[in-house]
>>> print(open('structure_6.txt').read())   # compact mmCIF, C-alpha atoms
# COMPACT_ATOMS: atom_id res chain seq x y z
CA MET G 42 -36.63 -20.10 25.69
CA LYS G 43 -33.01 -20.97 26.58
CA LYS G 44 -32.20 -21.46 22.88
CA LEU G 45 -33.68 -18.07 22.03
CA THR G 46 -31.70 -16.39 24.83
CA LEU G 47 -28.53 -18.15 23.72
CA LEU G 48 -29.10 -17.13 20.09
CA PHE G 49 -29.77 -13.52 21.14
CA THR G 50 -26.62 -13.46 23.28
CA PHE G 51 -24.59 -14.90 20.43
CA MET G 52 -25.92 -12.31 17.96
CA VAL G 53 -25.22 -9.43 20.34
CA THR G 54 -21.69 -10.73 20.92
CA VAL G 55 -21.01 -11.03 17.19
CA PHE G 56 -22.37 -7.51 16.60
CA ALA G 57 -20.30 -6.10 19.47
CA CYS G 58 -17.13 -7.80 18.22
CA ALA G 59 -17.72 -6.54 14.68
CA THR G 60 -18.28 -3.03 16.00
CA VAL G 61 -15.11 -3.07 18.09
CA ARG G 62 -13.12 -4.40 15.14
CA ALA G 63 -14.48 -1.67 12.87
CA GLN G 64 -13.43 1.00 15.37
CA VAL G 65 -9.78 -0.06 15.26
CA THR G 66 -9.57 -0.87 11.58
CA THR G 67 -8.48 2.62 10.53
CA ASP G 68 -5.63 2.66 13.05
CA GLN G 69 -4.53 -0.85 12.09
CA ILE G 70 -4.50 0.00 8.40
CA VAL G 71 -2.55 3.22 9.01
CA THR G 72 -0.01 1.33 11.13
CA GLU G 73 0.55 -1.20 8.35
CA TRP G 74 0.99 1.52 5.72
CA GLN G 75 3.48 3.35 7.95
CA ARG G 76 5.43 0.10 8.31
CA ALA G 77 5.32 -0.40 4.52
CA LYS G 78 6.56 3.17 4.00
CA ASN G 79 9.49 2.59 6.36
CA PHE G 80 10.30 -0.76 4.74
CA THR G 81 10.20 0.72 1.24
CA LYS G 82 12.49 3.54 2.39
CA THR G 83 15.08 0.96 3.46
CA TYR G 84 15.01 -0.44 -0.09
CA LEU G 85 15.37 3.03 -1.60
CA ASP G 86 18.27 3.77 0.73
CA ALA G 87 19.97 0.44 0.02
CA MET G 88 20.17 0.93 -3.74
CA PRO G 89 23.28 2.90 -4.76
CA ASP G 90 22.70 6.07 -6.80
CA ASP G 91 23.86 4.38 -10.00
CA GLY G 92 21.40 1.53 -9.47
CA TYR G 93 18.27 3.59 -9.98
CA SER G 94 18.50 3.27 -13.77
CA PHE G 95 19.42 -0.43 -13.55
CA LYS G 96 17.26 -2.94 -15.47
CA PRO G 97 17.92 -6.68 -15.01
CA THR G 98 16.78 -7.21 -18.63
CA PRO G 99 15.92 -4.65 -21.31
CA GLU G 100 12.17 -5.32 -21.19
CA MET G 101 11.94 -4.84 -17.42
CA ARG G 102 11.39 -1.57 -15.57
CA SER G 103 14.39 0.07 -14.00
CA PHE G 104 14.67 0.05 -10.21
CA ALA G 105 13.35 3.63 -10.19
CA GLY G 106 10.63 2.60 -12.63
CA GLN G 107 9.45 -0.13 -10.25
CA MET G 108 9.33 2.30 -7.36
CA LEU G 109 7.62 5.03 -9.39
CA HIS G 110 5.07 2.52 -10.68
CA LEU G 111 4.37 1.69 -7.03
CA THR G 112 4.00 5.46 -6.48
CA ASP G 113 1.44 5.84 -9.26
CA ALA G 114 -0.59 2.95 -7.88
CA ASN G 115 -0.47 4.31 -4.32
CA TYR G 116 -1.99 7.56 -5.54
CA PHE G 117 -4.55 5.76 -7.71
CA PHE G 118 -5.78 3.43 -4.98
CA ALA G 119 -5.87 6.05 -2.21
CA SER G 120 -7.63 8.56 -4.42
CA SER G 121 -10.17 5.96 -5.58
CA VAL G 122 -10.98 4.86 -2.04
CA SER G 123 -10.97 8.23 -0.29
CA GLY G 124 -12.33 10.46 -3.03
CA LYS G 125 -9.40 12.85 -2.49
CA ALA G 126 -7.85 14.17 -5.67
CA SER G 127 -4.42 12.76 -6.43
CA PRO G 128 -1.70 15.43 -6.31
CA LEU G 129 -0.40 13.91 -9.55
CA GLY G 130 -3.64 14.65 -11.36
CA LYS G 131 -3.59 12.64 -14.56
CA THR G 132 0.20 12.54 -14.83
CA SER G 133 2.36 9.52 -14.08
CA ALA G 134 5.28 9.63 -11.68
CA GLU G 135 6.88 6.79 -13.61
CA LYS G 136 6.85 8.90 -16.77
CA THR G 137 7.58 12.34 -15.30
CA VAL G 138 9.79 12.02 -12.21
CA GLU G 139 13.52 12.08 -12.84
CA GLN G 140 14.75 8.57 -12.10
CA THR G 141 17.44 9.60 -9.65
CA LYS G 142 17.76 8.42 -6.07
CA ALA G 143 16.70 11.78 -4.60
CA ALA G 144 13.75 12.42 -6.92
CA THR G 145 12.48 8.84 -6.79
CA THR G 146 12.75 8.64 -3.00
CA LYS G 147 10.85 11.91 -2.57
CA ALA G 148 8.09 10.82 -4.96
CA VAL G 149 7.69 7.41 -3.31
CA MET G 150 7.61 8.81 0.23
CA ASP G 151 5.10 11.48 -0.81
CA SER G 152 2.83 8.77 -2.21
CA TYR G 153 2.90 6.86 1.08
CA ASP G 154 2.10 10.09 2.94
CA PHE G 155 -0.90 10.58 0.65
CA VAL G 156 -2.14 7.04 1.29
CA ILE G 157 -1.71 7.39 5.05
CA SER G 158 -3.41 10.79 5.25
CA SER G 159 -6.24 9.54 3.03
CA ILE G 160 -6.87 6.58 5.32
CA GLN G 161 -6.62 8.72 8.46
CA GLY G 162 -9.36 10.91 7.03
CA MET G 163 -11.77 8.00 6.73
CA THR G 164 -14.13 6.63 9.34
CA PRO G 165 -14.54 2.91 9.95
CA ALA G 166 -17.97 3.17 8.32
CA GLN G 167 -16.41 4.70 5.19
CA LEU G 168 -13.89 1.86 5.03
CA GLN G 169 -16.79 -0.60 4.95
CA GLU G 170 -18.63 1.27 2.16
CA GLY G 171 -18.79 -0.55 -1.14
CA MET G 172 -17.24 0.66 -4.34
CA LYS G 173 -16.82 -0.64 -7.86
CA PHE G 174 -13.35 -1.98 -8.44
CA GLY G 175 -12.26 -4.35 -11.16
CA GLY G 176 -15.89 -4.89 -12.13
CA LYS G 177 -16.83 -5.97 -8.61
CA ASP G 178 -18.51 -4.33 -5.64
CA LEU G 179 -15.95 -4.40 -2.84
CA PRO G 180 -15.63 -2.71 0.54
CA LYS G 181 -13.10 0.13 0.43
CA ALA G 182 -11.03 -1.66 3.09
CA ILE G 183 -10.61 -4.61 0.70
CA VAL G 184 -9.52 -2.28 -2.11
CA LEU G 185 -6.92 -0.84 0.27
CA GLY G 186 -5.79 -4.41 0.88
CA LYS G 187 -5.27 -4.79 -2.85
CA ALA G 188 -3.27 -1.57 -2.85
CA PHE G 189 -1.13 -2.92 -0.03
CA GLU G 190 -0.57 -6.14 -1.96
CA HIS G 191 0.44 -4.16 -5.05
CA GLN G 192 3.09 -2.09 -3.29
CA THR G 193 4.42 -5.20 -1.57
CA HIS G 194 4.66 -6.97 -4.93
CA HIS G 195 6.68 -4.22 -6.60
CA ARG G 196 8.94 -3.62 -3.60
CA GLY G 197 9.54 -7.38 -3.54
CA GLN G 198 10.53 -7.37 -7.20
CA THR G 199 13.27 -4.89 -6.42
CA THR G 200 14.93 -7.43 -4.12
CA VAL G 201 16.40 -9.04 -7.23
CA TYR G 202 17.62 -5.65 -8.49
CA LEU G 203 19.50 -5.10 -5.23
CA ARG G 204 21.04 -8.59 -5.33
CA LEU G 205 22.17 -8.11 -8.93
CA LYS G 206 23.87 -4.85 -7.88
CA GLY G 207 25.70 -6.71 -5.08
CA VAL G 208 23.54 -5.25 -2.30
CA THR G 209 22.05 -7.35 0.48
CA PRO G 210 18.32 -6.49 0.69
CA PRO G 211 17.03 -5.06 3.96
CA PRO G 212 15.71 -7.59 6.48
CA GLU G 213 11.96 -8.16 6.71
CA MET G 214 9.99 -5.70 8.85
CA LEU G 215 7.01 -7.63 10.14
>>> encode(input="structure_6.txt", output="C-alpha cells")
Amino acid sequence: MKKLTLLFTFMVTVFACATVRAQVTTDQIVTEWQRAKNFTKTYLDAMPDDGYSFKPTPEMRSFAGQMLHLTDANYFFASSVSGKASPLGKTSAEKTVEQTKAATTKAVMDSYDFVISSIQGMTPAQLQEGMKFGGKDLPKAIVLGKAFEHQTHHRGQTTVYLRLKGVTPPPEML
C-alpha cells in the first residue's frame, strides 16, 4: 500500500509540475523572442548604412540579405505555428525590401513583432499541439524553438560582416 501511495503521489507531482510549466511557457517564449528582437536591433544599429549591401564573398548574402532572410523565416515559422496569415503573403522580404538600413530594420522589427504577437495569441495547450514540420510530428513549441535557432544562426553570421567592416559586434544579451 505504501508503494502505491508513493507512486500516486509521484504521478500527481509530475502532472502538477508539467501543468505549472505549461502555464508559463507562453510568457517564457515571448520573453526570449523580445530579447532576441532587442539583440538583433543592436546588430542592425551597429552596421553602418553603407554596410547593408556588404557581402564578405560574392556568393554570400549581403548583410541586409541575411537579416531579410531571417525576416522571411520569422514570418514563415510564426504563421505555420499560429495559423495567422503572414503579412508578407507569398512574397519574400529578402527579394522585395530595399536593402537599406531603414527599410531592412523596419522589416526585421516588424517580423519580430509578428512572431511575438502570434505567440501571445496562443494558449499553453496550443503550444503543445502537434504539427507536421520537416516530415515529422512535432509540438508547436518545438517548432518555435527551431525558429529561434534559425534567427540566432543568421544574426550570428552577421557578426563576421560587422568585424569585416571594422565594427565591434554588440555584446551578448543573455
>>> residues_around(input="structure_6.txt", residues="Glu213 of chain G", least_positions_apart="6", cutoff="12 Å", atoms="only C-alpha atoms", output="number ranges by chain")
G: 76-77, 79-81, 83-84, 193, 196-197, 200
>>> atom_distance(input="structure_6.txt", atom1="atom CA of Thr112 of chain G", atom2="atom CA of Asp68 of chain G")
22.0 Å
>>> atom_distance(input="structure_6.txt", atom1="atom CA of Ser121 of chain G", atom2="atom CA of Val138 of chain G")
21.9 Å
>>> atom_distance(input="structure_6.txt", atom1="atom CA of Lys206 of chain G", atom2="atom CA of Asp151 of chain G")
25.9 Å
>>> residues_around(input="structure_6.txt", residues="Ile183 of chain G", least_positions_apart="5", cutoff="9 Å", atoms="all atoms listed in the file", output="ChimeraX atom specification")
/G:168-169,188
>>> closest_residue(input="structure_6.txt", among="G:Thr146, G:Leu129, G:Phe118, G:Glu100", to="Ala182 of chain G", atoms="all atoms listed in the file")
G:Phe118
>>> closest_residue(input="structure_6.txt", among="G:Val149, G:Lys78, G:Thr67, G:Asn115", to="Lys187 of chain G", atoms="all atoms listed in the file")
G:Asn115
>>> closest_residue(input="structure_6.txt", among="G:His191, G:Lys177, G:Lys96, G:Lys82", to="Asp113 of chain G", atoms="all atoms listed in the file")
G:His191
>>> residues_near_point(input="structure_6.txt", point="(-4.5, 11.1, -9.5)", cutoff="8 Å", atoms="all atoms listed in the file", output="ChimeraX atom specification")
/G:113,116-117,120,126-132
>>> closest_residue(input="structure_6.txt", among="G:Gly124, G:Pro212, G:Pro89, G:Gly175", to="Met163 of chain G", atoms="all atoms listed in the file")
G:Gly124
>>> closest_residue(input="structure_6.txt", among="G:Pro165, G:Ser123, G:Thr145, G:Ile157", to="Val184 of chain G", atoms="all atoms listed in the file")
G:Ser123
>>> build_atoms(input="structure_6.txt", residues="segment 67-92 of chain G", atoms="N, CA, C and O atoms", output="tab-separated table (two decimals), in the frame of the given file")
chain	number	residue	atom	x	y	z
G	67	THR	N	-9.20	1.50	11.11
G	67	THR	CA	-8.48	2.62	10.53
G	67	THR	C	-7.07	2.70	11.11
G	67	THR	O	-6.09	2.82	10.37
G	68	ASP	N	-6.94	2.61	12.42
G	68	ASP	CA	-5.63	2.66	13.05
G	68	ASP	C	-4.74	1.50	12.62
G	68	ASP	O	-3.54	1.68	12.38
G	69	GLN	N	-5.31	0.32	12.50
G	69	GLN	CA	-4.53	-0.85	12.09
G	69	GLN	C	-4.03	-0.68	10.66
G	69	GLN	O	-2.87	-0.97	10.37
G	70	ILE	N	-4.89	-0.19	9.79
G	70	ILE	CA	-4.50	0.00	8.40
G	70	ILE	C	-3.41	1.06	8.30
G	70	ILE	O	-2.42	0.89	7.59
G	71	VAL	N	-3.57	2.15	9.02
G	71	VAL	CA	-2.55	3.22	9.01
G	71	VAL	C	-1.22	2.68	9.51
G	71	VAL	O	-0.16	2.95	8.93
G	72	THR	N	-1.24	1.91	10.59
G	72	THR	CA	-0.01	1.33	11.13
G	72	THR	C	0.70	0.47	10.10
G	72	THR	O	1.93	0.53	9.95
G	73	GLU	N	-0.05	-0.34	9.37
G	73	GLU	CA	0.55	-1.20	8.35
G	73	GLU	C	1.14	-0.38	7.20
G	73	GLU	O	2.22	-0.70	6.69
G	74	TRP	N	0.46	0.67	6.80
G	74	TRP	CA	0.99	1.52	5.72
G	74	TRP	C	2.23	2.29	6.18
G	74	TRP	O	3.15	2.49	5.39
G	75	GLN	N	2.27	2.68	7.44
G	75	GLN	CA	3.48	3.35	7.95
G	75	GLN	C	4.65	2.37	7.96
G	75	GLN	O	5.78	2.73	7.62
G	76	ARG	N	4.38	1.13	8.34
G	76	ARG	CA	5.43	0.10	8.31
G	76	ARG	C	5.90	-0.13	6.87
G	76	ARG	O	7.11	-0.21	6.60
G	77	ALA	N	4.96	-0.20	5.93
G	77	ALA	CA	5.32	-0.40	4.52
G	77	ALA	C	6.15	0.77	4.00
G	77	ALA	O	7.11	0.58	3.25
G	78	LYS	N	5.79	1.98	4.40
G	78	LYS	CA	6.56	3.17	4.00
G	78	LYS	C	8.00	3.05	4.51
G	78	LYS	O	8.95	3.26	3.75
G	79	ASN	N	8.15	2.72	5.77
G	79	ASN	CA	9.49	2.59	6.36
G	79	ASN	C	10.30	1.48	5.68
G	79	ASN	O	11.49	1.63	5.42
G	80	PHE	N	9.63	0.37	5.38
G	80	PHE	CA	10.30	-0.76	4.74
G	80	PHE	C	10.74	-0.38	3.33
G	80	PHE	O	11.87	-0.65	2.91
G	81	THR	N	9.86	0.30	2.59
G	81	THR	CA	10.20	0.72	1.24
G	81	THR	C	11.37	1.71	1.27
G	81	THR	O	12.27	1.64	0.42
G	82	LYS	N	11.38	2.56	2.26
G	82	LYS	CA	12.49	3.54	2.39
G	82	LYS	C	13.82	2.81	2.57
G	82	LYS	O	14.85	3.24	2.02
G	83	THR	N	13.83	1.70	3.30
G	83	THR	CA	15.08	0.96	3.46
G	83	THR	C	15.56	0.40	2.12
G	83	THR	O	16.77	0.32	1.89
G	84	TYR	N	14.64	0.03	1.26
G	84	TYR	CA	15.01	-0.44	-0.09
G	84	TYR	C	15.57	0.72	-0.91
G	84	TYR	O	16.58	0.57	-1.60
G	85	LEU	N	14.90	1.85	-0.86
G	85	LEU	CA	15.37	3.03	-1.60
G	85	LEU	C	16.75	3.45	-1.13
G	85	LEU	O	17.62	3.79	-1.94
G	86	ASP	N	16.98	3.40	0.18
G	86	ASP	CA	18.27	3.77	0.73
G	86	ASP	C	19.36	2.75	0.37
G	86	ASP	O	20.52	3.12	0.18
G	87	ALA	N	18.98	1.49	0.28
G	87	ALA	CA	19.97	0.44	0.02
G	87	ALA	C	20.52	0.48	-1.40
G	87	ALA	O	21.69	0.15	-1.62
G	88	MET	N	19.70	0.91	-2.35
G	88	MET	CA	20.17	0.93	-3.74
G	88	MET	C	21.13	2.10	-3.94
G	88	MET	O	20.80	3.24	-3.64
G	89	PRO	N	22.34	1.81	-4.46
G	89	PRO	CA	23.28	2.90	-4.76
G	89	PRO	C	22.70	3.84	-5.82
G	89	PRO	O	21.84	3.44	-6.61
G	90	ASP	N	23.18	5.06	-5.83
G	90	ASP	CA	22.70	6.07	-6.80
G	90	ASP	C	22.68	5.54	-8.23
G	90	ASP	O	21.72	5.74	-8.97
G	91	ASP	N	23.76	4.86	-8.62
G	91	ASP	CA	23.86	4.38	-10.00
G	91	ASP	C	22.95	3.19	-10.29
G	91	ASP	O	22.81	2.79	-11.44
G	92	GLY	N	22.30	2.66	-9.28
G	92	GLY	CA	21.40	1.53	-9.47
G	92	GLY	C	19.97	1.91	-9.82
G	92	GLY	O	19.16	1.05	-10.18
